[in-house]
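Colleague: What follows is the file start37.pdb, containing PDB, C-alpha atoms, pLDDT in the B column:
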```pdb
ATOM      1  CA  MET A1427      21.876  -9.754 -15.680  1.00 48.00           C
ATOM      2  CA  ASN A1428      19.764 -10.732 -18.714  1.00 50.00           C
ATOM      3  CA  ASP A1429      17.055  -8.338 -19.844  1.00 53.00           C
ATOM      4  CA  ASN A1430      14.139 -10.480 -21.042  1.00 55.00           C
ATOM      5  CA  ARG A1431      11.671  -7.670 -21.506  1.00 56.00           C
ATOM      6  CA  PRO A1432       9.811  -7.893 -24.873  1.00 56.00           C
ATOM      7  CA  ILE A1433      10.745  -5.425 -27.640  1.00 55.00           C
ATOM      8  CA  THR A1434       7.980  -2.925 -28.245  1.00 60.00           C
ATOM      9  CA  ARG A1435       6.390  -2.280 -31.667  1.00 57.00           C
ATOM     10  CA  ARG A1436       7.858   1.235 -31.658  1.00 59.00           C
ATOM     11  CA  ALA A1437      11.359  -0.133 -31.064  1.00 56.00           C
ATOM     12  CA  LEU A1438      10.999  -2.594 -33.961  1.00 50.00           C
ATOM     13  CA  LEU A1439       9.970   0.207 -36.335  1.00 54.00           C
ATOM     14  CA  MET A1440      12.979   2.298 -35.262  1.00 57.00           C
ATOM     15  CA  LEU A1441      15.360  -0.646 -35.843  1.00 50.00           C
ATOM     16  CA  SER A1442      13.891  -1.270 -39.320  1.00 53.00           C
ATOM     17  CA  ALA A1443      14.321   2.387 -40.271  1.00 51.00           C
ATOM     18  CA  ALA A1444      17.928   2.372 -39.073  1.00 51.00           C
ATOM     19  CA  ALA A1445      18.676  -0.786 -41.109  1.00 49.00           C
ATOM     20  CA  ALA A1446      17.215   0.781 -44.247  1.00 47.00           C
ATOM     21  CA  ILE A1447      19.603   3.715 -43.863  1.00 47.00           C
ATOM     22  CA  ILE A1448      22.673   1.566 -43.195  1.00 46.00           C
ATOM     23  CA  LEU A1449      22.150  -1.080 -45.917  1.00 46.00           C
ATOM     24  CA  PRO A1450      23.951  -0.276 -49.232  1.00 48.00           C
ATOM     25  CA  ALA A1451      22.083   0.305 -52.485  1.00 48.00           C
ATOM     26  CA  PRO A1452      21.369  -2.806 -54.604  1.00 48.00           C
ATOM     27  CA  ALA A1453      24.355  -3.852 -56.738  1.00 46.00           C
ATOM     28  CA  ALA A1454      22.358  -3.626 -59.967  1.00 46.00           C
ATOM     29  CA  LEU A1455      21.574   0.057 -59.363  1.00 46.00           C
ATOM     30  CA  ALA A1456      25.119   0.839 -58.266  1.00 50.00           C
ATOM     31  CA  ALA A1457      26.538  -0.733 -61.458  1.00 70.00           C
ATOM     32  CA  ALA A1458      24.416   1.304 -63.882  1.00 82.00           C
ATOM     33  CA  ARG A1459      26.508   3.676 -66.023  1.00 87.00           C
ATOM     34  CA  THR A1460      25.784   5.923 -69.000  1.00 91.00           C
ATOM     35  CA  LEU A1461      27.880   6.681 -72.089  1.00 91.00           C
ATOM     36  CA  ARG A1462      27.142   9.970 -73.814  1.00 91.00           C
ATOM     37  CA  GLY A1463      28.264  11.082 -77.233  1.00 92.00           C
ATOM     38  CA  GLN A1464      27.329  12.256 -80.717  1.00 94.00           C
ATOM     39  CA  VAL A1465      27.016  10.544 -84.085  1.00 94.00           C
ATOM     40  CA  SER A1466      27.795  12.411 -87.300  1.00 91.00           C
ATOM     41  CA  TYR A1467      28.596  11.890 -90.997  1.00 90.00           C
ATOM     42  CA  ARG A1468      30.341  13.977 -93.677  1.00 86.00           C
ATOM     43  CA  GLU A1469      27.858  13.555 -96.525  1.00 82.00           C
ATOM     44  CA  ARG A1470      25.668  16.591 -97.179  1.00 76.00           C
ATOM     45  CA  ILE A1471      22.413  14.672 -96.917  1.00 77.00           C
ATOM     46  CA  ALA A1472      19.364  15.569 -94.830  1.00 78.00           C
ATOM     47  CA  LEU A1473      17.792  12.665 -92.966  1.00 83.00           C
ATOM     48  CA  PRO A1474      14.009  12.202 -93.165  1.00 82.00           C
ATOM     49  CA  PRO A1475      12.146  12.823 -89.879  1.00 77.00           C
ATOM     50  CA  HIS A1476      11.565   9.100 -89.270  1.00 82.00           C
ATOM     51  CA  ALA A1477      15.270   8.151 -89.477  1.00 89.00           C
ATOM     52  CA  LEU A1478      16.434   6.099 -86.482  1.00 92.00           C
ATOM     53  CA  LEU A1479      19.894   6.011 -84.880  1.00 94.00           C
ATOM     54  CA  GLU A1480      20.980   2.817 -83.108  1.00 94.00           C
ATOM     55  CA  VAL A1481      24.119   2.672 -80.940  1.00 94.00           C
ATOM     56  CA  ARG A1482      25.398  -0.619 -79.492  1.00 93.00           C
ATOM     57  CA  LEU A1483      28.041  -1.492 -76.918  1.00 92.00           C
ATOM     58  CA  LEU A1484      29.735  -4.674 -78.133  1.00 89.00           C
ATOM     59  CA  ASP A1485      32.058  -7.240 -76.593  1.00 89.00           C
ATOM     60  CA  VAL A1486      34.472  -7.932 -79.476  1.00 85.00           C
ATOM     61  CA  SER A1487      36.916 -10.120 -77.522  1.00 85.00           C
ATOM     62  CA  LEU A1488      36.270 -13.295 -79.521  1.00 78.00           C
ATOM     63  CA  GLU A1489      37.583 -13.011 -83.086  1.00 64.00           C
ATOM     64  CA  ASP A1490      36.033 -16.325 -84.139  1.00 58.00           C
ATOM     65  CA  ALA A1491      32.469 -15.337 -83.262  1.00 62.00           C
ATOM     66  CA  PRO A1492      30.045 -12.456 -83.862  1.00 68.00           C
ATOM     67  CA  ALA A1493      30.266  -9.594 -81.365  1.00 76.00           C
ATOM     68  CA  ASN A1494      28.110  -9.884 -78.248  1.00 85.00           C
ATOM     69  CA  THR A1495      25.767  -6.922 -77.642  1.00 89.00           C
ATOM     70  CA  LEU A1496      25.888  -5.686 -74.027  1.00 91.00           C
ATOM     71  CA  ALA A1497      23.649  -2.622 -74.400  1.00 92.00           C
ATOM     72  CA  VAL A1498      21.698  -0.825 -77.107  1.00 93.00           C
ATOM     73  CA  THR A1499      19.903   2.501 -77.438  1.00 94.00           C
ATOM     74  CA  ARG A1500      17.703   3.827 -80.242  1.00 94.00           C
ATOM     75  CA  VAL A1501      17.223   7.535 -80.905  1.00 92.00           C
ATOM     76  CA  LYS A1502      14.930   9.418 -83.288  1.00 90.00           C
ATOM     77  CA  THR A1503      17.268  11.693 -85.216  1.00 88.00           C
ATOM     78  CA  ARG A1504      14.763  14.607 -85.527  1.00 81.00           C
ATOM     79  CA  HIS A1505      16.877  16.424 -88.175  1.00 77.00           C
ATOM     80  CA  ARG A1506      19.685  16.989 -85.634  1.00 82.00           C
ATOM     81  CA  MET A1507      23.326  16.883 -86.693  1.00 85.00           C
ATOM     82  CA  PRO A1508      25.372  15.736 -84.927  1.00 90.00           C
ATOM     83  CA  ILE A1509      22.897  13.363 -83.276  1.00 93.00           C
ATOM     84  CA  PRO A1510      23.242  13.089 -79.470  1.00 94.00           C
ATOM     85  CA  TYR A1511      22.754   9.753 -77.723  1.00 95.00           C
ATOM     86  CA  ARG A1512      22.878   8.236 -74.235  1.00 94.00           C
ATOM     87  CA  LEU A1513      23.669   4.544 -73.780  1.00 93.00           C
ATOM     88  CA  ARG A1514      23.045   2.908 -70.387  1.00 94.00           C
ATOM     89  CA  TYR A1515      25.028  -0.230 -69.575  1.00 93.00           C
ATOM     90  CA  ASP A1516      25.783  -2.495 -66.620  1.00 92.00           C
ATOM     91  CA  GLU A1517      29.301  -1.822 -65.369  1.00 90.00           C
ATOM     92  CA  ALA A1518      29.417  -5.309 -63.815  1.00 90.00           C
ATOM     93  CA  ARG A1519      29.498  -6.786 -67.354  1.00 89.00           C
ATOM     94  CA  ILE A1520      32.716  -4.920 -68.258  1.00 89.00           C
ATOM     95  CA  ARG A1521      35.575  -7.284 -67.397  1.00 90.00           C
ATOM     96  CA  PRO A1522      39.338  -6.643 -67.330  1.00 88.00           C
ATOM     97  CA  GLY A1523      41.271  -8.112 -70.228  1.00 88.00           C
ATOM     98  CA  ARG A1524      38.328  -8.092 -72.656  1.00 90.00           C
ATOM     99  CA  ARG A1525      37.816  -5.763 -75.640  1.00 88.00           C
ATOM    100  CA  TYR A1526      34.821  -3.525 -76.211  1.00 90.00           C
ATOM    101  CA  ALA A1527      33.644  -1.259 -79.042  1.00 88.00           C
ATOM    102  CA  LEU A1528      30.803   1.045 -80.003  1.00 92.00           C
ATOM    103  CA  GLN A1529      28.839   0.552 -83.216  1.00 91.00           C
ATOM    104  CA  ALA A1530      26.349   3.006 -84.721  1.00 92.00           C
ATOM    105  CA  ARG A1531      23.922   2.698 -87.607  1.00 91.00           C
ATOM    106  CA  ILE A1532      21.171   4.881 -89.043  1.00 91.00           C
ATOM    107  CA  THR A1533      18.157   3.295 -90.713  1.00 88.00           C
ATOM    108  CA  VAL A1534      15.165   4.678 -92.595  1.00 84.00           C
ATOM    109  CA  ASN A1535      12.080   2.445 -92.720  1.00 77.00           C
ATOM    110  CA  GLY A1536      14.283  -0.499 -91.761  1.00 77.00           C
ATOM    111  CA  GLN A1537      16.764   0.193 -94.572  1.00 81.00           C
ATOM    112  CA  LEU A1538      20.399   0.789 -93.663  1.00 85.00           C
ATOM    113  CA  TRP A1539      21.684   4.247 -94.682  1.00 86.00           C
ATOM    114  CA  PHE A1540      24.768   4.826 -92.492  1.00 88.00           C
ATOM    115  CA  ILE A1541      27.032   2.586 -90.401  1.00 87.00           C
ATOM    116  CA  THR A1542      30.425   2.541 -88.670  1.00 85.00           C
ATOM    117  CA  THR A1543      32.999   0.817 -90.873  1.00 79.00           C
ATOM    118  CA  THR A1544      35.967   0.736 -88.467  1.00 77.00           C
ATOM    119  CA  ARG A1545      36.256  -0.537 -84.909  1.00 77.00           C
ATOM    120  CA  HIS A1546      35.511   2.182 -82.355  1.00 82.00           C
ATOM    121  CA  SER A1547      37.266   0.784 -79.270  1.00 86.00           C
ATOM    122  CA  ILE A1548      36.299   1.778 -75.726  1.00 88.00           C
ATOM    123  CA  PHE A1549      37.295   0.882 -72.149  1.00 87.00           C
ATOM    124  CA  GLY A1550      40.858   0.325 -73.348  1.00 79.00           C
ATOM    125  CA  GLY A1551      42.519   2.153 -70.474  1.00 74.00           C
ATOM    126  CA  GLY A1552      42.744   5.554 -72.151  1.00 68.00           C
ATOM    127  CA  ARG A1553      40.185   8.251 -72.804  1.00 73.00           C
ATOM    128  CA  ASP A1554      36.893   6.819 -74.055  1.00 74.00           C
ATOM    129  CA  GLU A1555      35.972   8.500 -77.357  1.00 77.00           C
ATOM    130  CA  THR A1556      32.189   8.296 -77.520  1.00 87.00           C
ATOM    131  CA  ASP A1557      31.713  10.565 -80.566  1.00 92.00           C
ATOM    132  CA  ILE A1558      31.160   8.254 -83.548  1.00 92.00           C
ATOM    133  CA  SER A1559      31.470   8.853 -87.295  1.00 90.00           C
ATOM    134  CA  VAL A1560      29.331   6.821 -89.711  1.00 90.00           C
ATOM    135  CA  VAL A1561      29.515   6.499 -93.500  1.00 87.00           C
ATOM    136  CA  ARG A1562      26.904   6.170 -96.222  1.00 84.00           C
ATOM    137  CA  VAL A1563      26.071   2.633 -97.353  1.00 79.00           C
ATOM    138  CA  ARG A1564      23.127   3.199 -99.652  1.00 55.00           C
ATOM    139  CA  SER A1565      21.568   5.974-101.694  1.00 52.00           C
ATOM    140  CA  GLY A1566      18.068   5.880-100.229  1.00 43.00           C
ATOM    141  CA  ALA A1567      16.618   5.728-103.730  1.00 42.00           C
ATOM    142  CA  SER A1568      13.997   3.171-104.636  1.00 39.00           C
ATOM    143  CA  GLU A1569      15.465  -0.274-105.129  1.00 43.00           C
ATOM    144  CA  VAL A1570      15.374  -2.317-108.295  1.00 48.00           C
ATOM    145  CA  SER A1571      14.019  -5.840-108.101  1.00 57.00           C
ATOM    146  CA  GLY A1572      17.168  -7.598-109.347  1.00 80.00           C
ATOM    147  CA  PRO A1573      20.359  -8.576-107.530  1.00 89.00           C
ATOM    148  CA  ARG A1574      22.604  -6.169-109.406  1.00 88.00           C
ATOM    149  CA  GLY A1575      24.394  -3.639-107.219  1.00 88.00           C
ATOM    150  CA  LYS A1576      26.675  -3.590-104.210  1.00 90.00           C
ATOM    151  CA  TRP A1577      25.777  -5.727-101.175  1.00 93.00           C
ATOM    152  CA  LEU A1578      27.216  -6.078 -97.651  1.00 92.00           C
ATOM    153  CA  CYS A1579      26.975  -9.534 -96.065  1.00 92.00           C
ATOM    154  CA  GLU A1580      24.981  -9.700 -92.795  1.00 91.00           C
ATOM    155  CA  SER A1581      24.694 -13.465 -92.215  1.00 92.00           C
ATOM    156  CA  ILE A1582      26.081 -16.734 -93.579  1.00 94.00           C
ATOM    157  CA  ARG A1583      23.929 -19.873 -93.310  1.00 94.00           C
ATOM    158  CA  GLY A1584      21.909 -18.284 -90.510  1.00 91.00           C
ATOM    159  CA  HIS A1585      24.913 -17.142 -88.465  1.00 90.00           C
ATOM    160  CA  GLY A1586      26.026 -13.544 -87.891  1.00 89.00           C
ATOM    161  CA  VAL A1587      29.264 -12.173 -89.295  1.00 88.00           C
ATOM    162  CA  ILE A1588      32.210 -10.386 -87.705  1.00 85.00           C
ATOM    163  CA  ASP A1589      31.323  -6.692 -87.663  1.00 72.00           C
ATOM    164  CA  THR A1590      34.815  -5.453 -88.498  1.00 74.00           C
ATOM    165  CA  ALA A1591      35.236  -7.740 -91.541  1.00 79.00           C
ATOM    166  CA  GLN A1592      33.659  -6.058 -94.571  1.00 85.00           C
ATOM    167  CA  THR A1593      32.428  -9.048 -96.582  1.00 91.00           C
ATOM    168  CA  LEU A1594      30.732  -7.731 -99.725  1.00 91.00           C
ATOM    169  CA  ILE A1595      30.032  -8.325-103.400  1.00 93.00           C
ATOM    170  CA  GLU A1596      29.097  -6.089-106.322  1.00 92.00           C
ATOM    171  CA  ILE A1597      27.147  -7.609-109.222  1.00 92.00           C
ATOM    172  CA  ALA A1598      27.420  -5.616-112.444  1.00 89.00           C
ATOM    173  CA  ALA A1599      24.787  -5.441-115.183  1.00 82.00           C
ATOM    174  CA  ASP A1600      26.778  -7.906-117.320  1.00 82.00           C
ATOM    175  CA  GLY A1601      27.032 -10.436-114.461  1.00 88.00           C
ATOM    176  CA  ARG A1602      30.599  -9.622-113.476  1.00 91.00           C
ATOM    177  CA  VAL A1603      31.154 -10.035-109.722  1.00 94.00           C
ATOM    178  CA  THR A1604      33.754  -8.214-107.632  1.00 94.00           C
ATOM    179  CA  GLY A1605      34.126  -7.664-103.923  1.00 92.00           C
ATOM    180  CA  SER A1606      35.882  -8.823-100.776  1.00 93.00           C
ATOM    181  CA  GLY A1607      35.604 -11.900 -98.617  1.00 92.00           C
ATOM    182  CA  GLY A1608      36.656  -9.814 -95.613  1.00 91.00           C
ATOM    183  CA  CYS A1609      40.382 -10.255 -96.264  1.00 92.00           C
ATOM    184  CA  ASN A1610      40.990 -10.965 -99.958  1.00 94.00           C
ATOM    185  CA  ARG A1611      39.625  -9.291-103.060  1.00 93.00           C
ATOM    186  CA  ILE A1612      37.411 -11.624-105.087  1.00 94.00           C
ATOM    187  CA  SER A1613      36.109 -11.655-108.659  1.00 93.00           C
ATOM    188  CA  GLY A1614      34.069 -13.919-110.893  1.00 93.00           C
ATOM    189  CA  ARG A1615      30.764 -14.090-112.749  1.00 92.00           C
ATOM    190  CA  ALA A1616      27.112 -14.703-111.952  1.00 93.00           C
ATOM    191  CA  GLU A1617      24.469 -16.171-114.248  1.00 92.00           C
ATOM    192  CA  ILE A1618      21.034 -14.603-113.644  1.00 89.00           C
ATOM    193  CA  GLN A1619      17.809 -15.892-115.199  1.00 85.00           C
ATOM    194  CA  SER A1620      14.458 -14.835-113.779  1.00 81.00           C
ATOM    195  CA  GLU A1621      14.707 -15.661-110.039  1.00 86.00           C
ATOM    196  CA  ARG A1622      17.632 -18.039-110.472  1.00 91.00           C
ATOM    197  CA  ILE A1623      21.254 -17.069-109.875  1.00 94.00           C
ATOM    198  CA  THR A1624      24.445 -19.108-109.809  1.00 95.00           C
ATOM    199  CA  PHE A1625      28.005 -18.001-109.147  1.00 94.00           C
ATOM    200  CA  GLY A1626      30.877 -19.452-111.145  1.00 93.00           C
ATOM    201  CA  PRO A1627      34.345 -20.152-109.706  1.00 92.00           C
ATOM    202  CA  MET A1628      35.600 -17.103-107.804  1.00 91.00           C
ATOM    203  CA  ILE A1629      39.184 -15.871-108.067  1.00 91.00           C
ATOM    204  CA  SER A1630      40.739 -14.302-104.972  1.00 91.00           C
ATOM    205  CA  THR A1631      44.000 -12.755-103.876  1.00 93.00           C
ATOM    206  CA  LYS A1632      46.190 -14.697-101.457  1.00 91.00           C
ATOM    207  CA  MET A1633      46.559 -12.417 -98.459  1.00 92.00           C
ATOM    208  CA  ALA A1634      46.619 -13.881 -94.943  1.00 90.00           C
ATOM    209  CA  CYS A1635      44.479 -12.348 -92.194  1.00 91.00           C
ATOM    210  CA  ALA A1636      43.328 -13.304 -88.699  1.00 91.00           C
ATOM    211  CA  PRO A1637      42.137 -16.954 -88.533  1.00 91.00           C
ATOM    212  CA  ALA A1638      38.566 -15.923 -87.697  1.00 91.00           C
ATOM    213  CA  VAL A1639      38.378 -13.618 -90.740  1.00 91.00           C
ATOM    214  CA  MET A1640      39.862 -16.290 -92.999  1.00 92.00           C
ATOM    215  CA  ASP A1641      37.322 -18.809 -91.696  1.00 93.00           C
ATOM    216  CA  GLN A1642      34.447 -16.431 -92.401  1.00 93.00           C
ATOM    217  CA  GLU A1643      35.796 -15.729 -95.894  1.00 93.00           C
ATOM    218  CA  SER A1644      35.979 -19.466 -96.612  1.00 94.00           C
ATOM    219  CA  LYS A1645      32.386 -19.966 -95.474  1.00 95.00           C
ATOM    220  CA  PHE A1646      31.234 -17.005 -97.569  1.00 95.00           C
ATOM    221  CA  MET A1647      32.910 -18.348-100.709  1.00 94.00           C
ATOM    222  CA  ALA A1648      31.485 -21.838-100.108  1.00 95.00           C
ATOM    223  CA  ALA A1649      27.993 -20.407 -99.648  1.00 95.00           C
ATOM    224  CA  LEU A1650      28.261 -18.455-102.925  1.00 95.00           C
ATOM    225  CA  GLY A1651      29.059 -21.710-104.696  1.00 94.00           C
ATOM    226  CA  ASP A1652      25.856 -23.307-103.341  1.00 95.00           C
ATOM    227  CA  VAL A1653      23.500 -20.445-104.315  1.00 96.00           C
ATOM    228  CA  GLN A1654      20.706 -21.249-106.781  1.00 95.00           C
ATOM    229  CA  ARG A1655      17.994 -18.649-106.258  1.00 93.00           C
ATOM    230  CA  PHE A1656      17.632 -15.057-105.049  1.00 94.00           C
ATOM    231  CA  LYS A1657      15.016 -12.764-103.572  1.00 91.00           C
ATOM    232  CA  VAL A1658      15.246  -8.995-103.140  1.00 88.00           C
ATOM    233  CA  ASP A1659      13.358  -7.407-100.238  1.00 84.00           C
ATOM    234  CA  GLY A1660      13.015  -3.867-101.571  1.00 75.00           C
ATOM    235  CA  ASP A1661      11.411  -2.486 -98.396  1.00 70.00           C
ATOM    236  CA  LYS A1662      14.370  -3.553 -96.252  1.00 78.00           C
ATOM    237  CA  GLY A1663      17.055  -3.292 -98.937  1.00 83.00           C
ATOM    238  CA  LYS A1664      18.090  -6.948 -98.546  1.00 89.00           C
ATOM    239  CA  LEU A1665      19.345  -9.542-101.014  1.00 93.00           C
ATOM    240  CA  ILE A1666      18.604 -13.103 -99.854  1.00 94.00           C
ATOM    241  CA  LEU A1667      20.400 -15.959-101.602  1.00 95.00           C
ATOM    242  CA  PHE A1668      18.993 -19.487-101.323  1.00 96.00           C
ATOM    243  CA  GLY A1669      20.410 -22.957-101.879  1.00 94.00           C
ATOM    244  CA  ALA A1670      18.861 -26.135-103.279  1.00 91.00           C
ATOM    245  CA  THR A1671      16.910 -26.819-100.060  1.00 90.00           C
ATOM    246  CA  GLY A1672      15.219 -23.431-100.147  1.00 89.00           C
ATOM    247  CA  ARG A1673      16.925 -22.258 -96.952  1.00 91.00           C
ATOM    248  CA  PRO A1674      18.716 -18.870 -96.978  1.00 94.00           C
ATOM    249  CA  LEU A1675      22.467 -19.197 -97.406  1.00 95.00           C
ATOM    250  CA  LEU A1676      23.371 -15.511 -97.406  1.00 94.00           C
ATOM    251  CA  VAL A1677      21.595 -12.320 -96.362  1.00 94.00           C
ATOM    252  CA  LEU A1678      23.115  -9.082 -97.661  1.00 91.00           C
ATOM    253  CA  ALA A1679      22.207  -5.391 -97.289  1.00 89.00           C
ATOM    254  CA  ARG A1680      22.313  -2.971-100.195  1.00 85.00           C
ATOM    255  CA  MET A1681      25.168  -0.446-100.052  1.00 79.00           C
TER     256      MET A1681
END
```
Please express what this file holds, its structure, as C-alpha cells.

Modeller:
Amino acid sequence: MNDNRPITRRALLMLSAAAAIILPAPAALAAARTLRGQVSYRERIALPPHALLEVRLLDVSLEDAPANTLAVTRVKTRHRMPIPYRLRYDEARIRPGRRYALQARITVNGQLWFITTTRHSIFGGGRDETDISVVRVRSGASEVSGPRGKWLCESIRGHGVIDTAQTLIEIAADGRVTGSGGCNRISGRAEIQSERITFGPMISTKMACAPAVMDQESKFMAALGDVQRFKVDGDKGKLILFGATGRPLLVLARM
C-alpha cells in the first residue's frame, strides 16, 4: 500500500541533517597537506630582521622547460637559525611517475643572499627530507654601478631558466669573462664603454650534458653575442643586458 502522506517540515530538517553527516568532506579540503622543515646555512652571518625566506615545491619532470611551481610559502626569518617553515600543497597535484623538488632562497630587500644550488628531491618513494641547506650567493654589501662581478642567469630572452643548471658569468676589471653555460666552462672578453657592453667570441669546453641543458647553454651563448647595452639595478642586485632593439636579452643576479 502506497503512503502518500506529505513529508512534514520537521522530517525534512532531520533528513538534511543526516545527509550533512553522511556526505564526505570536499575533495579540495581532503587533499590539503603540509610539509614541515628547516632551512639553514653554514656561513657565520647574521641575517637582518627584514630578511625573507621563500620555499617552493617544484615539478621538475620536464628537463626542457623551467620548473613548474606547485606551492610557495614565505617566512620572516626573525633572526632564527635554522629557520622553520610550513608549506601547504594540494596532494591531488602530485602525480605518480613525475619528479618533484624543494627550492629555498633568502632575500633581503629583494636582493638574493642565499639559495639552494643542488636539486632537493621529494616524493621519490623514500623518506622525504624537508630540511634544506642554502649557500651564499652575494655579500650583501652595496653594489657598484658597473657590470663587473659574478652574475647568475635568471632569464634568457624573457624565458625562465632550468633551476638546476648554474648558468653564470664573471666579468673581471680588465674585461676578461669566465663562467659556465650550465654544462661547459666558458671564457672570453667583454668591451665596456659607458653603458655599452659587447661580448667577443666565447671559448667553451666540449662536454656533453642533458639535451635541455645544452639547449639552454646554446641560447645563453647566442644571447651574449647579441648584447649591446647593460643596466645594473643596484636595489635588486640585477644585471640586465639589452640587444639592439632595446629589449632585455639576459637578466642576471649578483652572486

Colleague: List, as a ChimeraX atom specification, every residue that the PyMOL selection byres ((chain A and resi 1495) around 10) selects in the file provided.

Modeller: /A:1482-1486,1492-1494,1496-1498,1526-1529

Colleague: Kindly give the distance, in Å, that separates CA of Phe1668 in chain A and CA of Val1534 in chain A, rounded to a single decimal.

Modeller: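 Separating CA of Phe1668 in chain A from CA of Val1534 in chain A is a distance of 26.0 Å.
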
Colleague: Looking at A:Ala1649, A:Ala1636, A:Ile1629, A:Cys1579, which one is nearest to Leu1665 in chain A, with distances taken over all atoms listed in the file?

Modeller: A:Cys1579

Colleague: Which residues come within 12 Å of Arg1506 in chain A, counting all atoms listed in the file, excluding same-chain residues fewer than 5 positions away, as a list of chain:residue names?

Modeller: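 The residues that qualify are A:Gln1464, A:Val1465, A:Ser1466, A:Tyr1467, A:Ile1471, A:Ala1472, A:Leu1473, A:Pro1474, A:Pro1475, A:His1476, A:Ala1477, A:Leu1478, A:Leu1479, A:Val1501, A:Tyr1511.
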
Colleague: For the residues in the current selection, export C-alpha atoms as a PDB file, keeping the file's coordinate frame.

Modeller:
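After the write, result.pdb holds the following:
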```
ATOM      1  CA  GLN A1464      27.329  12.256 -80.717  1.00 94.00           C
ATOM      2  CA  VAL A1465      27.016  10.544 -84.085  1.00 94.00           C
ATOM      3  CA  SER A1466      27.795  12.411 -87.300  1.00 91.00           C
ATOM      4  CA  TYR A1467      28.596  11.890 -90.997  1.00 90.00           C
ATOM      5  CA  ILE A1471      22.413  14.672 -96.917  1.00 77.00           C
ATOM      6  CA  ALA A1472      19.364  15.569 -94.830  1.00 78.00           C
ATOM      7  CA  LEU A1473      17.792  12.665 -92.966  1.00 83.00           C
ATOM      8  CA  PRO A1474      14.009  12.202 -93.165  1.00 82.00           C
ATOM      9  CA  PRO A1475      12.146  12.823 -89.879  1.00 77.00           C
ATOM     10  CA  HIS A1476      11.565   9.100 -89.270  1.00 82.00           C
ATOM     11  CA  ALA A1477      15.270   8.151 -89.477  1.00 89.00           C
ATOM     12  CA  LEU A1478      16.434   6.099 -86.482  1.00 92.00           C
ATOM     13  CA  LEU A1479      19.894   6.011 -84.880  1.00 94.00           C
ATOM     14  CA  VAL A1501      17.223   7.535 -80.905  1.00 92.00           C
ATOM     15  CA  TYR A1511      22.754   9.753 -77.723  1.00 95.00           C
TER      16      TYR A1511
END
```

Colleague: What do you get, as a PyMOL selection string, if you spell out every residue that the PyMOL selection byres ((chain A and resi 1618-1624) around 12) selects here?

Modeller: chain A and resi 1571-1574+1597-1603+1614-1617+1625-1628+1649-1658+1665-1670+1672

Colleague: Once the PyMOL selection byres ((chain A and resi 1531) around 7) is applied to the coordinates I shared, what remains selected? I want it as a list in words.

Modeller: Leu1479, Glu1480, Val1481, Gln1529, Ala1530, Ile1532, Thr1533, Phe1540, Ile1541 and Thr1542 of chain A

Colleague: Please, what distance in Å, to one decimal, runs between CA of Val1639 in chain A and CA of Leu1513 in chain A?

Modeller: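 Interatomic distance here is 28.9 Å.
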
Colleague: Kindly indicate which residue among A:Thr1460, A:Thr1631, A:Ser1559, A:Thr1593 lies nearest to Arg1611 in chain A, using only C-alpha atoms for the distances.

Modeller: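 Distance minimum relative to Arg1611 in chain A lands on A:Thr1631.
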